[in-house]
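A.B. asks: A single structure is presented below for examination.
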Amino acid sequence: MHNELFTIGPVTVYGYGTMIAVGVVAALLVTERRMKKANLRYDLVYELLVWALVGGFLGSKLLYDIVEFRTLIEDPIKFLDFTNGFVVYGGIIGGVFAGFLFTKIRHLSFWCYMDYVMPSIILAQGFGRIGCFLAGCCYGKETDSAFSIVFTNSQYAPNNVQLIPTQLISSAWDFLVFFVLIWIQNRRFFKKEGNVAACYFLFYGCGRFLIEFLRGDSRGTVGPLSTSQFISVFIVLAGILILATSRFRADICQAKETEQVRSGRRNPAEDDGTKEINFKKGKSGSLSDDDLQNTENDTYSDDDLRNTENDTYSDDDLKNMGNDPLSDEELENILRDSF
């Protein structure tokens with residue numbers, strides 16, 4: 001594979017960076033469309049993306065520096081090299097933490113947004129792994145199998161050697177998990193917020209743990225496990241814990257209503273059947289026949305009743321306030337004029 005796709009003057013376009021960009025754009029568009037369809041604050045997707053990218057970038061770099069600390073300590077200047085040396089799990093952890101901070105600052109439901117964002121995250125990861133394939137990084141072990149790839153111009157993978165195409169396997173798994181998560185959420189397979197995100201941790205963690213056995217590149221170790229396998233154990237446990245504690249979170253079907261209240265698009269007063277009617281001077285409007293019929297069931301707050309002191313009425317209205325009983329038609333006319 002050739003990582004250099006083409007060159008225009010002094011500018012060289014690389015396959016790895018291109019696929020990362022494609023993944024980010026695809027994740028953004030999918031998240032925006034799905035949140036818009038659910039009547040969530042899709043306008044915040046771009047701001048959330050910035051937070052997640054910054055958190056993911058810093059997290060992936062930090063974890064790489066931790067894993068390769070012994071190597072980097074020999075040449076400390078490499079700690080400041082932000083052009084290479086990143087770990088996917090560090091990006092996931094950093095991005096999720098940044099998303100948590102964002103939702104708390106914005107007073108949004110963290111788990112609700114996680115359910116809509118995490119499927120898009122693994123979609124972006126699928127494209128990113130194609131970028132790894134083009135660059136030759138994250139390569140697999142040597143194999144005699146027909147299902148193999150031979151690199152001839154890679155700066156990372158051994159050239160002219162049959163290798164397991166772990167990048168393509170990872171990409172295929174990521175795309176599969178993406179569609180499974182969408183299927184789960186669209187059918188409300190789980191009823192609580194956070195369960196779709198939990199399935200992401202479960203599926204991705206298990207897949208990553210198994211694919212690591214096929215990897216041939218150096219990734220650091222923790223005992224008998226690679227660093228990524230060690231982290232995968234905790235990622236899977238986190239998914240199980242989120243599912244086990246789901247009864248303490250809101251129903252996923254209420255996420256839409258909750259967000260509408262928080263964003264001011266729906267008045268919570270409507271939940272208990274009460275109606276808001278403006279008695280203030282200068283306000284005008286009309287009531288339907290259904291509104292008039294339902295007035296006997298309406299409830300009004302103390303503020304609404306106090307505001308009637310400032311209302312004005314015509315002479316005809318005052319005449320109608322005597323002791324004579326009012327007909328239904330007269331009552332209807334008074335109500336229509338008043339509101």
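Simple scheme: letters A, B, ... for chains in structure tokens order, numbers from 1 for residues in each chain, numbers from 1 for ligands in the order shown.
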Can you pull out every residue within 8 Å of Ser246 (chain A), counting only C-alpha atoms, but drop anything in the same chain fewer than 3 positions away, and send it as a short mmCIF file (atom, residue, chain, number, x, y, z; two decimals) with N, CA, C and O atoms, in the first residue's frame?
C.D. replies:
data_model
loop_
_atom_site.label_atom_id
_atom_site.label_comp_id
_atom_site.auth_asym_id
_atom_site.auth_seq_id
_atom_site.Cartn_x
_atom_site.Cartn_y
_atom_site.Cartn_z
N LYS A 192 -33.20 1.97 28.66
CA LYS A 192 -32.61 2.99 29.53
C LYS A 192 -31.49 3.75 28.82
O LYS A 192 -30.79 3.20 27.96
N GLU A 193 -31.34 5.02 29.20
CA GLU A 193 -30.24 5.82 28.65
C GLU A 193 -28.91 5.19 29.03
O GLU A 193 -28.72 4.70 30.14
N GLY A 194 -27.97 5.24 28.11
CA GLY A 194 -26.63 4.72 28.37
C GLY A 194 -26.41 3.30 27.93
O GLY A 194 -25.26 2.85 27.85
N ASN A 195 -27.48 2.57 27.61
CA ASN A 195 -27.31 1.17 27.24
C ASN A 195 -26.69 0.98 25.86
O ASN A 195 -25.99 0.01 25.61
N ILE A 242 -22.40 -0.48 33.34
CA ILE A 242 -23.40 0.48 32.85
C ILE A 242 -24.74 -0.22 32.62
O ILE A 242 -25.80 0.31 32.98
N LEU A 243 -24.70 -1.41 32.05
CA LEU A 243 -25.93 -2.17 31.84
C LEU A 243 -26.56 -2.59 33.16
O LEU A 243 -27.78 -2.53 33.33
N ARG A 249 -31.20 4.95 35.71
CA ARG A 249 -31.18 6.03 34.73
C ARG A 249 -32.54 6.17 34.07
O ARG A 249 -33.39 5.30 34.16
#
A.B. asks: Just the residues within 12 Å of Val233 (chain A), please, counting only C-alpha atoms, with nothing from its chain fewer than 6 positions along; format it as a PDB file with all heavy atoms, in the first residue's frame.
C.D. replies:
ATOM      1  N   TYR A  89      -7.135   3.800  22.262  1.00  0.00           N
ATOM      2  CA  TYR A  89      -7.867   3.754  23.531  1.00  0.00           C
ATOM      3  C   TYR A  89      -7.711   5.052  24.312  1.00  0.00           C
ATOM      4  O   TYR A  89      -8.639   5.503  24.994  1.00  0.00           O
ATOM      5  CB  TYR A  89      -7.393   2.582  24.379  1.00  0.00           C
ATOM      6  CG  TYR A  89      -8.276   1.371  24.262  1.00  0.00           C
ATOM      7  CD1 TYR A  89      -7.744   0.099  24.134  1.00  0.00           C
ATOM      8  CD2 TYR A  89      -9.658   1.498  24.291  1.00  0.00           C
ATOM      9  CE1 TYR A  89      -8.557  -1.017  24.020  1.00  0.00           C
ATOM     10  CE2 TYR A  89     -10.481   0.395  24.186  1.00  0.00           C
ATOM     11  CZ  TYR A  89      -9.922  -0.863  24.047  1.00  0.00           C
ATOM     12  OH  TYR A  89     -10.745  -1.957  23.943  1.00  0.00           O
ATOM     13  N   PHE A 201     -19.012  -0.256  24.437  1.00  0.00           N
ATOM     14  CA  PHE A 201     -17.886  -0.702  25.247  1.00  0.00           C
ATOM     15  C   PHE A 201     -17.746  -2.227  25.209  1.00  0.00           C
ATOM     16  O   PHE A 201     -16.631  -2.749  25.121  1.00  0.00           O
ATOM     17  CB  PHE A 201     -18.050  -0.223  26.691  1.00  0.00           C
ATOM     18  CG  PHE A 201     -17.948   1.264  26.847  1.00  0.00           C
ATOM     19  CD1 PHE A 201     -18.889   1.966  27.578  1.00  0.00           C
ATOM     20  CD2 PHE A 201     -16.916   1.976  26.264  1.00  0.00           C
ATOM     21  CE1 PHE A 201     -18.796   3.341  27.721  1.00  0.00           C
ATOM     22  CE2 PHE A 201     -16.812   3.354  26.394  1.00  0.00           C
ATOM     23  CZ  PHE A 201     -17.757   4.033  27.132  1.00  0.00           C
ATOM     24  N   LEU A 202     -18.866  -2.918  25.282  1.00  0.00           N
ATOM     25  CA  LEU A 202     -18.830  -4.381  25.266  1.00  0.00           C
ATOM     26  C   LEU A 202     -18.321  -4.922  23.936  1.00  0.00           C
ATOM     27  O   LEU A 202     -17.375  -5.728  23.889  1.00  0.00           O
ATOM     28  CB  LEU A 202     -20.225  -4.945  25.549  1.00  0.00           C
ATOM     29  CG  LEU A 202     -20.696  -4.953  26.999  1.00  0.00           C
ATOM     30  CD1 LEU A 202     -22.153  -5.394  27.076  1.00  0.00           C
ATOM     31  CD2 LEU A 202     -19.834  -5.906  27.823  1.00  0.00           C
ATOM     32  N   PHE A 203     -18.935  -4.484  22.848  1.00  0.00           N
ATOM     33  CA  PHE A 203     -18.608  -5.036  21.532  1.00  0.00           C
ATOM     34  C   PHE A 203     -17.205  -4.628  21.088  1.00  0.00           C
ATOM     35  O   PHE A 203     -16.433  -5.458  20.608  1.00  0.00           O
ATOM     36  CB  PHE A 203     -19.639  -4.583  20.498  1.00  0.00           C
ATOM     37  CG  PHE A 203     -21.031  -5.071  20.779  1.00  0.00           C
ATOM     38  CD1 PHE A 203     -22.136  -4.349  20.338  1.00  0.00           C
ATOM     39  CD2 PHE A 203     -21.253  -6.231  21.492  1.00  0.00           C
ATOM     40  CE1 PHE A 203     -23.420  -4.789  20.600  1.00  0.00           C
ATOM     41  CE2 PHE A 203     -22.537  -6.682  21.760  1.00  0.00           C
ATOM     42  CZ  PHE A 203     -23.624  -5.955  21.312  1.00  0.00           C
ATOM     43  N   TYR A 204     -16.891  -3.351  21.239  1.00  0.00           N
ATOM     44  CA  TYR A 204     -15.570  -2.903  20.806  1.00  0.00           C
ATOM     45  C   TYR A 204     -14.480  -3.519  21.677  1.00  0.00           C
ATOM     46  O   TYR A 204     -13.432  -3.944  21.171  1.00  0.00           O
ATOM     47  CB  TYR A 204     -15.464  -1.385  20.835  1.00  0.00           C
ATOM     48  CG  TYR A 204     -14.096  -0.902  20.408  1.00  0.00           C
ATOM     49  CD1 TYR A 204     -13.738  -0.895  19.058  1.00  0.00           C
ATOM     50  CD2 TYR A 204     -13.160  -0.471  21.341  1.00  0.00           C
ATOM     51  CE1 TYR A 204     -12.483  -0.483  18.657  1.00  0.00           C
ATOM     52  CE2 TYR A 204     -11.894  -0.050  20.946  1.00  0.00           C
ATOM     53  CZ  TYR A 204     -11.560  -0.058  19.607  1.00  0.00           C
ATOM     54  OH  TYR A 204     -10.309   0.345  19.217  1.00  0.00           O
ATOM     55  N   GLY A 205     -14.710  -3.550  22.978  1.00  0.00           N
ATOM     56  CA  GLY A 205     -13.712  -4.100  23.885  1.00  0.00           C
ATOM     57  C   GLY A 205     -13.422  -5.568  23.604  1.00  0.00           C
ATOM     58  O   GLY A 205     -12.261  -5.988  23.565  1.00  0.00           O
ATOM     59  N   CYS A 206     -14.473  -6.349  23.378  1.00  0.00           N
ATOM     60  CA  CYS A 206     -14.279  -7.777  23.095  1.00  0.00           C
ATOM     61  C   CYS A 206     -13.565  -7.970  21.755  1.00  0.00           C
ATOM     62  O   CYS A 206     -12.634  -8.787  21.641  1.00  0.00           O
ATOM     63  CB  CYS A 206     -15.628  -8.492  23.070  1.00  0.00           C
ATOM     64  SG  CYS A 206     -16.408  -8.664  24.689  1.00  0.00           S
ATOM     65  N   GLY A 207     -14.003  -7.224  20.736  1.00  0.00           N
ATOM     66  CA  GLY A 207     -13.371  -7.341  19.432  1.00  0.00           C
ATOM     67  C   GLY A 207     -11.911  -6.939  19.463  1.00  0.00           C
ATOM     68  O   GLY A 207     -11.048  -7.624  18.887  1.00  0.00           O
ATOM     69  N   ARG A 208     -11.624  -5.848  20.137  1.00  0.00           N
ATOM     70  CA  ARG A 208     -10.240  -5.369  20.219  1.00  0.00           C
ATOM     71  C   ARG A 208      -9.364  -6.362  20.978  1.00  0.00           C
ATOM     72  O   ARG A 208      -8.205  -6.625  20.596  1.00  0.00           O
ATOM     73  CB  ARG A 208     -10.199  -4.007  20.893  1.00  0.00           C
ATOM     74  CG  ARG A 208      -8.802  -3.405  20.996  1.00  0.00           C
ATOM     75  CD  ARG A 208      -8.221  -3.138  19.608  1.00  0.00           C
ATOM     76  NE  ARG A 208      -6.853  -2.668  19.674  1.00  0.00           N
ATOM     77  CZ  ARG A 208      -6.515  -1.379  19.804  1.00  0.00           C
ATOM     78  NH1 ARG A 208      -7.464  -0.446  19.884  1.00  0.00           N
ATOM     79  NH2 ARG A 208      -5.250  -1.035  19.840  1.00  0.00           N
ATOM     80  N   PHE A 209      -9.898  -6.950  22.042  1.00  0.00           N
ATOM     81  CA  PHE A 209      -9.141  -7.921  22.829  1.00  0.00           C
ATOM     82  C   PHE A 209      -8.724  -9.110  21.965  1.00  0.00           C
ATOM     83  O   PHE A 209      -7.569  -9.564  22.026  1.00  0.00           O
ATOM     84  CB  PHE A 209      -9.978  -8.398  24.017  1.00  0.00           C
ATOM     85  CG  PHE A 209      -9.246  -9.320  24.952  1.00  0.00           C
ATOM     86  CD1 PHE A 209      -8.539  -8.799  26.028  1.00  0.00           C
ATOM     87  CD2 PHE A 209      -9.243 -10.696  24.759  1.00  0.00           C
ATOM     88  CE1 PHE A 209      -7.845  -9.641  26.894  1.00  0.00           C
ATOM     89  CE2 PHE A 209      -8.560 -11.543  25.618  1.00  0.00           C
ATOM     90  CZ  PHE A 209      -7.858 -11.009  26.683  1.00  0.00           C
ATOM     91  N   LEU A 210      -9.639  -9.625  21.138  1.00  0.00           N
ATOM     92  CA  LEU A 210      -9.346 -10.794  20.306  1.00  0.00           C
ATOM     93  C   LEU A 210      -8.422 -10.453  19.140  1.00  0.00           C
ATOM     94  O   LEU A 210      -7.502 -11.218  18.820  1.00  0.00           O
ATOM     95  CB  LEU A 210     -10.654 -11.389  19.782  1.00  0.00           C
ATOM     96  CG  LEU A 210     -11.603 -11.942  20.849  1.00  0.00           C
ATOM     97  CD1 LEU A 210     -12.913 -12.406  20.212  1.00  0.00           C
ATOM     98  CD2 LEU A 210     -10.942 -13.092  21.608  1.00  0.00           C
ATOM     99  N   VAL A 222       1.377  -5.493  29.462  1.00  0.00           N
ATOM    100  CA  VAL A 222       1.087  -5.482  30.898  1.00  0.00           C
ATOM    101  C   VAL A 222       0.950  -6.944  31.296  1.00  0.00           C
ATOM    102  O   VAL A 222      -0.097  -7.559  31.120  1.00  0.00           O
ATOM    103  CB  VAL A 222      -0.197  -4.705  31.225  1.00  0.00           C
ATOM    104  CG1 VAL A 222      -0.460  -4.754  32.727  1.00  0.00           C
ATOM    105  CG2 VAL A 222      -0.098  -3.268  30.748  1.00  0.00           C
ATOM    106  N   LEU A 225      -0.534  -9.710  28.738  1.00  0.00           N
ATOM    107  CA  LEU A 225      -1.433  -9.019  27.823  1.00  0.00           C
ATOM    108  C   LEU A 225      -0.757  -7.800  27.197  1.00  0.00           C
ATOM    109  O   LEU A 225       0.144  -7.202  27.799  1.00  0.00           O
ATOM    110  CB  LEU A 225      -2.702  -8.560  28.555  1.00  0.00           C
ATOM    111  CG  LEU A 225      -3.527  -9.643  29.261  1.00  0.00           C
ATOM    112  CD1 LEU A 225      -4.694  -8.997  30.013  1.00  0.00           C
ATOM    113  CD2 LEU A 225      -4.043 -10.669  28.255  1.00  0.00           C
ATOM    114  N   SER A 226      -1.234  -7.444  26.013  1.00  0.00           N
ATOM    115  CA  SER A 226      -0.794  -6.171  25.442  1.00  0.00           C
ATOM    116  C   SER A 226      -1.487  -5.045  26.207  1.00  0.00           C
ATOM    117  O   SER A 226      -2.476  -5.273  26.913  1.00  0.00           O
ATOM    118  CB  SER A 226      -1.148  -6.101  23.954  1.00  0.00           C
ATOM    119  OG  SER A 226      -2.556  -5.996  23.781  1.00  0.00           O
ATOM    120  N   THR A 227      -0.976  -3.849  26.049  1.00  0.00           N
ATOM    121  CA  THR A 227      -1.587  -2.711  26.743  1.00  0.00           C
ATOM    122  C   THR A 227      -3.052  -2.559  26.357  1.00  0.00           C
ATOM    123  O   THR A 227      -3.914  -2.303  27.212  1.00  0.00           O
ATOM    124  CB  THR A 227      -0.827  -1.423  26.416  1.00  0.00           C
ATOM    125  OG1 THR A 227       0.553  -1.578  26.787  1.00  0.00           O
ATOM    126  CG2 THR A 227      -1.421  -0.242  27.156  1.00  0.00           C
ATOM    127  N   GLY A 239     -18.729  -1.546  30.419  1.00  0.00           N
ATOM    128  CA  GLY A 239     -19.979  -1.782  29.699  1.00  0.00           C
ATOM    129  C   GLY A 239     -20.950  -2.622  30.510  1.00  0.00           C
ATOM    130  O   GLY A 239     -22.158  -2.329  30.556  1.00  0.00           O
ATOM    131  N   ILE A 240     -20.435  -3.654  31.148  1.00  0.00           N
ATOM    132  CA  ILE A 240     -21.284  -4.514  31.986  1.00  0.00           C
ATOM    133  C   ILE A 240     -21.856  -3.717  33.154  1.00  0.00           C
ATOM    134  O   ILE A 240     -23.042  -3.845  33.505  1.00  0.00           O
ATOM    135  CB  ILE A 240     -20.482  -5.727  32.497  1.00  0.00           C
ATOM    136  CG1 ILE A 240     -20.065  -6.617  31.319  1.00  0.00           C
ATOM    137  CG2 ILE A 240     -21.298  -6.524  33.511  1.00  0.00           C
ATOM    138  CD1 ILE A 240     -19.156  -7.757  31.706  1.00  0.00           C
TER     139      ILE A 240
END
A.B. asks: One decimal, in Å: what's the spacing between CA of Asn3 (chain A) and CA of Glu212 (chain A)?
C.D. replies: 23.0 Å
A.B. asks: For CA of Ile130 (chain A) and CA of Arg33 (chain A), quote the distance in Å rounded to one decimal.
C.D. replies: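 So the answer is 24.0 Å.
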A.B. asks: Give one line per residue of region 64-178 of chain A that approaches region 41-51 of chain A to at most 8 Å, naming the two atoms of the closest pair and their distance in Å to one decimal, counting only C-alpha atoms; sort by chain then ascending residue number and deliver it as JSON lines.
C.D. replies:
{"residue": "A:Gly95", "atom": "CA", "partner": "A:Trp51", "partner_atom": "CA", "distance": 7.4}
{"residue": "A:Ala98", "atom": "CA", "partner": "A:Trp51", "partner_atom": "CA", "distance": 5.7}
{"residue": "A:Gly99", "atom": "CA", "partner": "A:Trp51", "partner_atom": "CA", "distance": 6.5}
{"residue": "A:Phe102", "atom": "CA", "partner": "A:Leu48", "partner_atom": "CA", "distance": 6.8}
A.B. asks: Quick one: write out the picked residues with N, CA, C and O atoms as a PDB file, in the first residue's frame?
C.D. replies:
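Done, and the output landed in selection04.pdb:
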ATOM      1  N   GLY A  95     -11.736  11.447  24.701  1.00  0.00           N
ATOM      2  CA  GLY A  95     -12.917  12.004  24.048  1.00  0.00           C
ATOM      3  C   GLY A  95     -14.166  11.880  24.893  1.00  0.00           C
ATOM      4  O   GLY A  95     -14.975  12.812  24.967  1.00  0.00           O
ATOM      5  N   ALA A  98     -13.979  14.377  27.731  1.00  0.00           N
ATOM      6  CA  ALA A  98     -14.266  15.731  27.234  1.00  0.00           C
ATOM      7  C   ALA A  98     -15.759  15.894  26.980  1.00  0.00           C
ATOM      8  O   ALA A  98     -16.338  16.949  27.273  1.00  0.00           O
ATOM      9  N   GLY A  99     -16.408  14.852  26.443  1.00  0.00           N
ATOM     10  CA  GLY A  99     -17.850  14.898  26.231  1.00  0.00           C
ATOM     11  C   GLY A  99     -18.614  15.012  27.536  1.00  0.00           C
ATOM     12  O   GLY A  99     -19.639  15.710  27.613  1.00  0.00           O
ATOM     13  N   PHE A 102     -18.395  18.567  28.644  1.00  0.00           N
ATOM     14  CA  PHE A 102     -19.225  19.399  27.785  1.00  0.00           C
ATOM     15  C   PHE A 102     -20.694  19.335  28.194  1.00  0.00           C
ATOM     16  O   PHE A 102     -21.369  20.365  28.305  1.00  0.00           O
TER      17      PHE A 102
END
A.B. asks: Might you pull out every residue within 7 Å of Ala26 (chain A), with only C-alpha atoms counted and same-chain residues fewer than 4 positions away left off, and present them as a ChimeraX atom specification?
C.D. replies: /A:22,30,124
A.B. asks: At a cut-off of 6 Å, using only C-alpha atoms, what residues contact Gly216 (chain A)? Leave out same-chain residues fewer than 2 positions from it and give the result as a list in words.
C.D. replies: Tyr139, Gly140 and Lys141 of chain A
A.B. asks: Would you save the residues from that selection as a short mmCIF file (atom, residue, chain, number, x, y, z; two decimals), in the first residue's frame, using all heavy atoms?
C.D. replies:
data_model
loop_
_atom_site.label_atom_id
_atom_site.label_comp_id
_atom_site.auth_asym_id
_atom_site.auth_seq_id
_atom_site.Cartn_x
_atom_site.Cartn_y
_atom_site.Cartn_z
N TYR A 139 -0.09 -3.38 11.93
CA TYR A 139 -0.07 -4.57 11.08
C TYR A 139 -0.14 -5.86 11.91
O TYR A 139 0.04 -5.86 13.13
CB TYR A 139 1.17 -4.58 10.20
CG TYR A 139 2.48 -4.47 10.96
CD1 TYR A 139 3.12 -5.60 11.45
CD2 TYR A 139 3.07 -3.23 11.20
CE1 TYR A 139 4.31 -5.51 12.15
CE2 TYR A 139 4.25 -3.12 11.90
CZ TYR A 139 4.87 -4.26 12.36
OH TYR A 139 6.04 -4.16 13.07
N GLY A 140 -0.42 -6.95 11.19
CA GLY A 140 -0.57 -8.24 11.85
C GLY A 140 0.69 -9.10 11.81
O GLY A 140 1.73 -8.68 11.30
N LYS A 141 0.56 -10.27 12.37
CA LYS A 141 1.68 -11.21 12.39
C LYS A 141 1.91 -11.82 11.01
O LYS A 141 1.05 -11.78 10.15
CB LYS A 141 1.40 -12.32 13.41
CG LYS A 141 1.31 -11.84 14.85
CD LYS A 141 1.00 -12.99 15.78
CE LYS A 141 0.94 -12.53 17.23
NZ LYS A 141 0.59 -13.66 18.15
#
A.B. asks: For Thr166 (chain A), which residue out of A:Phe147, A:Tyr16, A:Phe234, A:Trp111 is the nearest one, using only C-alpha atoms?
C.D. replies: A:Phe147
